[in-house]
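J.: Hey, dropping query.txt in here, compact mmCIF, C-alpha atoms:
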# COMPACT_ATOMS: atom_id res chain seq x y z
CA MET K 1 2.52 -12.64 -36.14
CA GLN K 2 -0.17 -14.82 -34.62
CA GLU K 3 -0.40 -18.44 -35.67
CA GLY K 4 -3.33 -20.03 -37.44
CA ALA K 5 -3.95 -23.71 -38.02
CA PRO K 6 -6.58 -25.79 -39.78
CA ARG K 7 -8.54 -28.38 -37.77
CA MET K 8 -8.86 -31.41 -39.26
CA MET K 9 3.34 -44.15 -33.07
CA THR K 10 4.43 -46.32 -32.05
CA GLU K 11 6.62 -48.10 -34.49
CA ALA K 12 4.43 -50.41 -36.53
CA PRO K 13 4.79 -54.05 -35.45
CA ARG K 14 6.22 -56.52 -37.91
CA THR K 15 2.76 -57.84 -38.77
CA GLU K 16 1.23 -54.37 -39.19
CA HIS K 17 -0.08 -54.98 -42.70
CA GLU K 18 -1.47 -58.39 -41.78
CA HIS K 19 -3.39 -56.77 -38.91
CA THR K 20 -4.60 -53.95 -41.17
CA ALA K 21 -6.01 -56.44 -43.66
CA THR K 22 -8.31 -57.84 -40.96
CA ALA K 23 -8.93 -54.54 -39.15
CA LEU K 24 -12.28 -53.54 -37.72
CA GLN K 25 -13.89 -50.11 -38.03
CA ALA K 26 -14.15 -48.05 -34.86
CA ASP K 27 -15.63 -44.71 -33.84
CA SER K 28 -14.05 -42.70 -31.04
CA VAL K 29 -15.40 -39.80 -28.99
CA ALA K 30 -13.23 -37.56 -26.79
CA ASP K 31 -14.68 -35.64 -23.87
CA ALA K 32 -13.45 -32.37 -22.34
CA ALA K 33 -12.31 -34.08 -19.14
CA GLY K 34 -9.80 -36.27 -21.00
CA GLY K 35 -11.88 -39.43 -21.35
CA LEU K 36 -12.39 -41.51 -24.50
CA THR K 37 -15.16 -43.82 -25.70
CA PHE K 38 -14.66 -46.36 -28.50
CA ASP K 39 -17.43 -48.09 -30.50
CA ILE K 40 -16.72 -51.11 -32.72
CA GLY K 41 -19.15 -52.52 -35.26
CA GLY K 42 -20.72 -55.94 -34.84
CA THR K 43 -18.12 -58.68 -35.20
CA GLY K 44 -19.98 -61.92 -34.58
CA GLU K 45 -17.17 -62.95 -32.24
CA ALA K 46 -18.05 -64.94 -29.11
CA GLY K 47 -16.47 -64.79 -25.68
CA PRO K 48 -14.92 -61.92 -23.70
CA ALA K 49 -13.68 -58.95 -25.74
CA HIS K 50 -11.26 -56.13 -24.98
CA LEU K 51 -10.02 -53.00 -26.65
CA VAL K 52 -6.24 -53.03 -26.24
CA LEU K 53 -4.02 -49.95 -26.35
CA ARG K 54 -0.38 -50.91 -26.95
CA ARG K 55 2.57 -48.54 -26.54
CA ARG K 56 5.90 -48.74 -28.38
CA ASP K 57 7.65 -50.27 -25.37
CA GLY K 58 5.11 -53.12 -25.27
CA GLU K 59 3.04 -51.81 -22.35
CA GLU K 60 -0.66 -52.55 -22.76
CA VAL K 61 -3.92 -51.21 -21.35
CA ALA K 62 -6.93 -53.51 -21.83
CA LEU K 63 -10.47 -52.06 -21.68
CA PRO K 64 -13.54 -54.35 -21.60
CA LEU K 65 -15.74 -54.22 -24.69
CA THR K 66 -19.40 -54.48 -23.68
CA PRO K 67 -22.59 -54.64 -25.79
CA ALA K 68 -24.08 -51.28 -26.84
CA GLU K 69 -27.01 -50.20 -29.02
CA GLY K 70 -27.17 -51.37 -32.61
CA GLY K 71 -25.21 -54.53 -31.92
CA ARG K 72 -22.01 -52.56 -31.39
CA LEU K 73 -19.33 -53.08 -28.76
CA ARG K 74 -18.20 -50.20 -26.55
CA ALA K 75 -15.10 -49.52 -24.43
CA ALA K 76 -14.50 -46.51 -22.18
CA LEU K 77 -11.24 -44.96 -21.02
CA PRO K 78 -12.22 -42.54 -18.23
CA SER K 79 -10.02 -39.56 -17.44
CA SER K 80 -9.46 -41.12 -13.99
CA VAL K 81 -7.60 -44.08 -15.56
CA GLU K 82 -3.96 -43.17 -16.11
CA LEU K 83 -2.53 -43.53 -19.60
CA PRO K 84 1.20 -42.68 -19.59
CA GLU K 85 2.58 -40.34 -22.22
CA GLY K 86 3.19 -41.86 -25.62
CA ARG K 87 1.56 -43.18 -28.78
CA TRP K 88 -0.81 -46.09 -28.25
CA GLU K 89 -1.98 -48.28 -31.13
CA ALA K 90 -5.55 -49.60 -30.84
CA TYR K 91 -6.55 -53.27 -31.22
CA ALA K 92 -9.58 -55.43 -30.52
CA ARG K 93 -8.98 -58.81 -28.90
CA PHE K 94 -11.66 -61.50 -28.71
CA ALA K 95 -11.34 -64.38 -26.24
CA GLU K 96 -7.84 -65.80 -26.70
CA GLY K 97 -7.52 -64.79 -30.35
CA GLU K 98 -4.86 -62.57 -31.91
CA PRO K 99 -5.43 -58.79 -31.56
CA ARG K 100 -6.94 -57.14 -34.63
CA ARG K 101 -6.05 -53.59 -35.62
CA LEU K 102 -8.75 -50.93 -35.62
CA VAL K 103 -9.41 -48.55 -38.51
CA PRO K 104 -10.96 -45.19 -37.53
CA ARG K 105 -14.34 -44.39 -39.04
CA VAL K 106 -15.21 -41.19 -37.12
CA ASN K 107 -12.99 -39.48 -34.53
CA ASP K 108 -15.23 -36.96 -32.74
CA LEU K 109 -12.83 -34.40 -31.24
CA ARG K 110 -15.17 -31.40 -31.01
CA SER K 111 -14.98 -31.22 -27.22
CA LEU K 112 -11.18 -30.81 -27.40
CA VAL K 113 -11.22 -27.59 -29.43
CA ASP K 114 -10.04 -24.77 -27.13
CA ARG K 115 -10.42 -27.03 -24.11
CA VAL K 116 -10.01 -25.21 -20.76
CA PRO K 117 -9.47 -27.51 -17.75
CA GLY K 118 -10.53 -26.43 -14.28
CA ASP K 119 -8.15 -24.30 -12.24
CA THR K 120 -8.17 -26.92 -9.47
CA ASP K 121 -6.96 -29.76 -11.70
CA ALA K 122 -3.72 -31.08 -10.20
CA ARG K 123 -2.64 -32.59 -13.50
CA ILE K 124 -3.57 -32.38 -17.16
CA ALA K 125 -4.54 -35.58 -18.99
CA VAL K 126 -4.77 -35.26 -22.78
CA ARG K 127 -5.77 -38.13 -25.08
CA ILE K 128 -6.28 -37.50 -28.80
CA PRO K 129 -7.36 -40.32 -31.16
CA TYR K 130 -5.80 -40.01 -34.60
CA THR K 131 -5.16 -41.89 -37.83
CA THR K 132 -1.65 -43.25 -38.33
CA LYS K 133 0.12 -43.05 -41.67
CA GLU K 134 -0.83 -46.72 -42.16
CA GLY K 135 -4.50 -45.74 -41.82
CA THR K 136 -5.07 -47.37 -38.44
CA LEU K 137 -6.36 -45.99 -35.13
CA ALA K 138 -4.00 -44.78 -32.41
CA VAL K 139 -4.17 -42.53 -29.36
CA ARG K 140 -1.66 -39.82 -28.45
CA SER K 141 -1.46 -39.31 -24.70
CA TRP K 142 0.07 -36.64 -22.47
CA LEU K 143 0.11 -36.51 -18.68
CA ARG K 144 1.54 -33.29 -17.22
CA ALA K 145 1.63 -32.04 -13.62
CA PRO K 146 2.02 -29.10 -13.59
CA HIS K 147 1.49 -27.94 -17.16
CA ALA K 148 2.35 -24.69 -19.00
CA GLU K 149 -0.01 -24.28 -21.97
CA ALA K 150 1.23 -22.04 -24.79
CA GLY K 151 -1.46 -19.73 -26.15
CA GLU K 152 -0.79 -16.93 -28.61
CA VAL K 153 2.62 -16.92 -30.30
CA HIS K 154 3.83 -13.75 -32.02
CA ILE K 155 7.01 -12.97 -33.97
CA ASP K 156 7.73 -9.27 -34.16
CA GLU K 157 10.92 -7.23 -34.72
CA GLY K 158 13.29 -10.09 -34.00
CA GLU K 159 11.49 -11.24 -30.86
CA LEU K 160 9.29 -14.18 -29.90
CA ARG K 161 6.36 -13.23 -27.67
CA VAL K 162 4.39 -16.01 -26.00
CA SER K 163 1.37 -15.89 -23.72
CA GLY K 164 -0.12 -18.85 -21.92
CA ARG K 165 -1.63 -20.35 -18.82
CA VAL K 166 -0.30 -22.62 -16.10
CA TYR K 167 -2.23 -25.54 -14.60
CA GLY K 168 -1.61 -27.48 -11.42
CA THR K 169 0.35 -24.69 -9.73
CA GLY K 170 0.41 -20.93 -9.27
CA LEU K 171 2.72 -18.21 -10.55
CA ALA K 172 5.03 -16.59 -8.01
CA PRO K 173 6.55 -13.11 -8.46
CA GLU K 174 9.89 -14.92 -8.95
CA ALA K 175 8.63 -16.87 -11.98
CA TYR K 176 10.87 -16.89 -15.04
CA VAL K 177 11.43 -18.75 -18.32
CA GLU K 178 14.61 -20.53 -19.30
CA VAL K 179 15.55 -20.90 -22.97
CA ARG K 180 17.89 -23.89 -22.90
CA ALA K 181 20.17 -25.07 -25.71
CA ARG K 182 19.50 -28.69 -26.60
CA GLY K 183 22.69 -30.75 -26.55
CA GLY K 184 26.20 -29.35 -26.70
CA PRO K 185 27.23 -26.66 -24.20
CA ASN K 186 24.74 -26.08 -21.40
CA ALA K 187 23.77 -22.59 -22.60
CA VAL K 188 20.78 -21.00 -20.86
CA LEU K 189 19.04 -17.67 -21.45
CA ARG K 190 16.73 -16.55 -18.63
CA VAL K 191 13.88 -14.13 -19.46
CA ASP K 192 11.36 -12.42 -17.21
CA VAL K 193 7.73 -13.48 -16.95
CA THR K 194 4.71 -11.23 -16.58
CA ALA K 195 2.07 -12.99 -14.48
CA ARG K 196 -1.59 -12.43 -13.68
CA ASP K 197 -3.25 -15.18 -11.65
CA THR K 198 -2.51 -18.29 -13.76
CA GLU K 199 -1.77 -16.42 -17.00
CA PHE K 200 1.81 -15.72 -18.06
CA GLY K 201 3.70 -13.95 -20.84
CA PHE K 202 7.33 -13.67 -21.87
CA THR K 203 9.55 -12.40 -24.68
CA VAL K 204 12.61 -14.12 -26.16
CA PRO K 205 15.06 -11.92 -28.14
CA PHE K 206 16.32 -14.02 -31.05
CA ALA K 207 19.55 -11.98 -31.14
CA ARG K 208 20.63 -13.62 -27.86
CA LEU K 209 20.48 -17.16 -29.28
CA ALA K 210 23.35 -19.00 -30.96
CA PRO K 211 22.66 -21.41 -33.86
CA GLY K 212 21.03 -24.60 -32.61
CA ILE K 213 17.77 -25.77 -31.05
CA TRP K 214 16.44 -24.07 -27.93
CA ASP K 215 13.74 -25.46 -25.63
CA LEU K 216 11.43 -23.31 -23.49
CA TRP K 217 10.93 -24.08 -19.78
CA LEU K 218 8.78 -22.18 -17.29
CA SER K 219 9.80 -22.02 -13.62
CA PRO K 220 6.48 -20.91 -12.09
CA ALA K 221 7.82 -20.70 -8.51
CA GLY K 222 11.29 -19.38 -9.32
CA GLU K 223 14.46 -21.26 -8.50
CA GLN K 224 12.90 -23.29 -5.65
CA GLY K 225 10.13 -24.88 -7.70
CA PRO K 226 9.71 -27.20 -10.69
CA ARG K 227 10.71 -26.56 -14.29
CA VAL K 228 7.78 -27.05 -16.65
CA ARG K 229 8.06 -27.56 -20.40
CA VAL K 230 6.05 -24.98 -22.36
CA ALA K 231 3.76 -26.94 -24.71
CA ARG K 232 0.48 -26.73 -26.57
CA LEU K 233 -1.72 -29.70 -25.77
CA LEU K 234 -5.26 -28.44 -25.14
CA ASP K 235 -6.81 -28.72 -28.59
CA ASP K 236 -7.67 -31.39 -31.17
CA ILE K 237 -4.37 -31.54 -33.09
CA ALA K 238 -2.36 -34.65 -32.20
CA ASP K 239 0.75 -33.67 -34.22
CA LYS K 240 1.31 -29.94 -34.55
CA LYS K 241 4.79 -30.02 -36.06
CA PRO K 242 3.69 -30.56 -39.71
CA ILE K 243 0.54 -28.42 -39.36
CA ILE K 244 1.42 -25.26 -37.39
CA ARG K 245 4.32 -23.53 -39.11
CA TYR K 246 5.68 -20.13 -38.13
CA PRO K 247 7.71 -17.82 -40.40
CA LYS K 248 11.43 -17.31 -39.95
CA ALA K 249 12.84 -14.09 -38.55
CA SER K 250 16.20 -12.82 -39.81
CA VAL K 251 18.19 -10.93 -37.16
CA ARG K 252 21.70 -9.69 -36.55
CA ALA K 253 22.66 -11.70 -33.48
CA GLU K 254 25.67 -11.79 -31.20
CA HIS K 255 26.91 -14.69 -33.34
CA GLY K 256 26.30 -13.04 -36.73
CA GLU K 257 23.31 -13.08 -39.07
CA VAL K 258 20.85 -15.83 -38.13
CA GLU K 259 17.38 -17.05 -38.98
CA ALA K 260 15.16 -18.06 -36.07
CA ARG K 261 11.81 -19.85 -36.10
CA PRO K 262 9.64 -21.23 -33.29
CA TYR K 263 8.10 -24.65 -33.85
CA TYR K 264 6.32 -27.49 -32.08
CA THR K 265 8.29 -30.69 -31.52
CA VAL K 266 6.99 -34.23 -32.08
CA ASP K 267 5.70 -34.04 -28.48
CA ASN K 268 3.94 -30.68 -29.12
CA ASP K 269 6.46 -28.84 -26.93
CA LEU K 270 7.45 -25.32 -28.01
CA SER K 271 11.02 -24.81 -29.18
CA VAL K 272 13.07 -22.42 -31.32
CA THR K 273 15.47 -23.38 -34.09
CA VAL K 274 18.24 -20.95 -35.00
CA SER K 275 20.49 -21.30 -38.05
CA ALA K 276 23.37 -19.18 -39.35
CA MET K 277 22.72 -17.38 -42.61
CA GLY K 278 25.10 -17.98 -45.46
In structure tokens, what does this structure look like?
T.:
Amino acid sequence: MQEGAPRMMTEAPRTEHEHTATALQADSVADAAGGLTFDIGGTGEAGPAHLVLRRRDGEEVALPLTPAEGGRLRAALPSSVELPEGRWEAYARFAEGEPRRLVPRVNDLRSLVDRVPGDTDARIAVRIPYTTKEGTLAVRSWLRAPHAEAGEVHIDEGELRVSGRVYGTGLAPEAYVEVRARGGPNAVLRVDVTARDTEFGFTVPFARLAPGIWDLWLSPAGEQGPRVRVARLLDDIADKKPIIRYPKASVRAEHGEVEARPYYTVDNDLSVTVSAMG
């Protein structure tokens, strides 16, 4: 079966609701190269202003807010500026005042739908603005080099079939995929990869998997090269886990009757969960 999905955090600081009460409205626009532009309505504040992105570990990135048309303030995060992986909450800071949370008005993500980076890109930078469960603005960031992008995902006759494309590296004839058990015994199932230029495909037989969670890793150069997590990042969905849901497949496995289902993790990586029936 092929998936379908509709289009449409850091842990909140202790003063989250106080910040939300004084939040400012902001528009954000994402471009296909991985850059972001933020516009904030007129504030009447004097002095230097910055848009601040703050990660869960306390790391901050400050972007100058400069005057734009209509009395608005604008900040730009070019794709050339590195933003480490994570969830970044957005604030506006004026002069030496306390940062104020931003509330999204419009997040324009049209350029991210079915985004296809250039074949020469050494790394993939993905930044997706989104609305947190508290209603404030945040940015989800990924930085992968190389990157294995999952495309079509099919479940058929007790097997998982995945096609995709690799970025930042090539595919050698020795390429393979490892299906690795998460935690517990270091169980690994290796499956062959079909490759054409930068496009790959592989099949995982559910009957070979014991109950547990299994993560998918591509080795594009075989045993001598890197292991790359298979993920789906190149679209406009910041959190796929609650949105893209695949059906379960019931199979008679080496360990008895099991139900298996692929899913996307909180980091949008592709994994398989297997549970014993009964």
J.: Could you check which of K:Pro129, K:Pro99, K:Gly41, K:Pro262 is closest to Leu77 (chain K), using all atoms listed in the file?
T.: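 Once distances to Leu77 (chain K) are computed over all atoms listed in the file, the minimum belongs to K:Pro129.
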J.: Fewer than 2 positions away in the same chain doesn't count, so skip those; otherwise give me all residues within 7 Å of Leu171 (chain K), counting only C-alpha atoms, as a list of chain:residue names.
T.: K:Thr169, K:Pro173, K:Ala175, K:Ala195, K:Asp197, K:Thr198, K:Pro220, K:Ala221
J.: Would you save the residues of that selection, restricted to C-alpha atoms, as a PDB file, in the coordinates of the input?
T.:
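Resulting contents of selection.pdb:
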ATOM      1  CA  THR K 169       0.350 -24.690  -9.730  1.00  0.00           C
ATOM      2  CA  PRO K 173       6.550 -13.110  -8.460  1.00  0.00           C
ATOM      3  CA  ALA K 175       8.630 -16.870 -11.980  1.00  0.00           C
ATOM      4  CA  ALA K 195       2.070 -12.990 -14.480  1.00  0.00           C
ATOM      5  CA  ASP K 197      -3.250 -15.180 -11.650  1.00  0.00           C
ATOM      6  CA  THR K 198      -2.510 -18.290 -13.760  1.00  0.00           C
ATOM      7  CA  PRO K 220       6.480 -20.910 -12.090  1.00  0.00           C
ATOM      8  CA  ALA K 221       7.820 -20.700  -8.510  1.00  0.00           C
TER       9      ALA K 221
END
J.: Do you have the CA of Thr265 (chain K)-CA of Lys240 (chain K) distance handy?
T.: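 Answer for the CA of Thr265 (chain K) to CA of Lys240 (chain K) separation: 7.6 Å.
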J.: For CA of Arg127 (chain K) and CA of Arg55 (chain K), determine how far apart the two atoms are, in Å to one decimal place.
T.: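 According to the coordinates, CA of Arg127 (chain K) and CA of Arg55 (chain K) are separated by 13.4 Å.
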J.: Rounded to one decimal, what separation in Å do you get between CA of Phe202 (chain K) and CA of Val162 (chain K)?
T.: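 Separation of CA of Phe202 (chain K) and CA of Val162 (chain K): 5.6 Å.
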J.: Give me the residues within 6 Å of region 132-141 of chain K as a PyMOL selection string, counting all atoms listed in the file and dropping any in the same chain fewer than 6 places off.
T.: chain K and resi 85-90+102-104+126
J.: Restricting the calculation to all atoms listed in the file, which member of K:Leu270, K:Leu109, K:Ala276, K:Ala187 is positioned closest to Gly151 (chain K)?
T.: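 The answer is K:Leu270, which sits nearest to Gly151 (chain K).
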J.: Check the smallest atom-to-atom distance from each of K:Ala92, K:Val29, K:Val179, K:Leu51 to Val106 (chain K) using only C-alpha atoms, then report the winner.
T.: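 Residue with the minimum atom-to-atom distance to Val106 (chain K): K:Val29.
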J.: Between K:Glu59, K:Ser250, K:Arg208, K:Ala145, which one has atoms that come closest to Val188 (chain K), using only C-alpha atoms?
T.: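 Of K:Glu59, K:Ser250, K:Arg208, K:Ala145, the one nearest Val188 (chain K), counting only C-alpha atoms, is K:Arg208.
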J.: Take the point (9.2, -16.5, -19.9) in the file's coordinates, draw a sphere of radius 6 Å around it, and report as a ChimeraX atom specification every protein, DNA or RNA residue with an atom inside or on it, counting all atoms listed in the file.
T.: /K:176-177,191-193,202
J.: Within 12 Å of (8.3, -31.7, -43.1) in the file's own coordinates, which protein, DNA or RNA residues have an atom, counting all atoms listed in the file? List them as a ChimeraX atom specification.
T.: /K:239-245,263-266
J.: Mind working out the centre and edge lengths of an axis-aligned box for region 192-209 of chain K, all listed atoms inside, 3 Å added to each side, rounded to one decimal in Å and written as AutoDock Vina command-line options?
T.:
--center_x 8.7 --center_y -14.8 --center_z -21.4 --size_x 29.9 --size_y 13.1 --size_z 25.5
J.: Do a neighbour search on region 63-68 of chain K at 9 Å with only C-alpha atoms, toss out local chain neighbours closer than 6 positions, and write the hits as a PyMOL selection string.
T.: chain K and resi 38-40+48-53+74-77+92
J.: Here is a test: counting all atoms listed in the file, which residue of K:Ala181, K:Ala95, K:Ala26, K:Ala172 is nearest to Asp108 (chain K)?
T.: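 Counting all atoms listed in the file, the residue closest to Asp108 (chain K) is K:Ala26.
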J.: Smallest atom-to-atom distance to Gln224 (chain K): which of K:Ala125, K:Gly70, K:Ser271, K:Glu174, using only C-alpha atoms?
T.: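 Of K:Ala125, K:Gly70, K:Ser271, K:Glu174, the one nearest Gln224 (chain K) is K:Glu174, counting only C-alpha atoms.
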J.: Which residues, written as a list of chain:residue names, have at least one atom at most 12 Å from Arg123 (chain K), with all atoms listed in the file counted and residues fewer than 5 positions away on the same chain left out?
T.: K:Ala33, K:Gly34, K:Ser79, K:Ser80, K:Glu82, K:Pro117, K:Gly118, K:Trp142, K:Leu143, K:Arg144, K:Ala145, K:Pro146, K:His147, K:Ala148, K:Val166, K:Tyr167, K:Gly168, K:Thr169
J.: Would you mind listing what lies within 7 Å of Glu178 (chain K) as a list in words, with all atoms listed in the file counted and same-chain residues fewer than 6 positions away left out?
T.: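 Near Glu178 (chain K), the qualifying residues are Val188, Leu189, Arg190, Val191, Leu216, Trp217 and Leu218 of chain K.
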J.: Let's have the selection written as a PDB file, in the frame of the given file, with C-alpha atoms.
T.:
ATOM      1  CA  VAL K 188      20.780 -21.000 -20.860  1.00  0.00           C
ATOM      2  CA  LEU K 189      19.040 -17.670 -21.450  1.00  0.00           C
ATOM      3  CA  ARG K 190      16.730 -16.550 -18.630  1.00  0.00           C
ATOM      4  CA  VAL K 191      13.880 -14.130 -19.460  1.00  0.00           C
ATOM      5  CA  LEU K 216      11.430 -23.310 -23.490  1.00  0.00           C
ATOM      6  CA  TRP K 217      10.930 -24.080 -19.780  1.00  0.00           C
ATOM      7  CA  LEU K 218       8.780 -22.180 -17.290  1.00  0.00           C
TER       8      LEU K 218
END
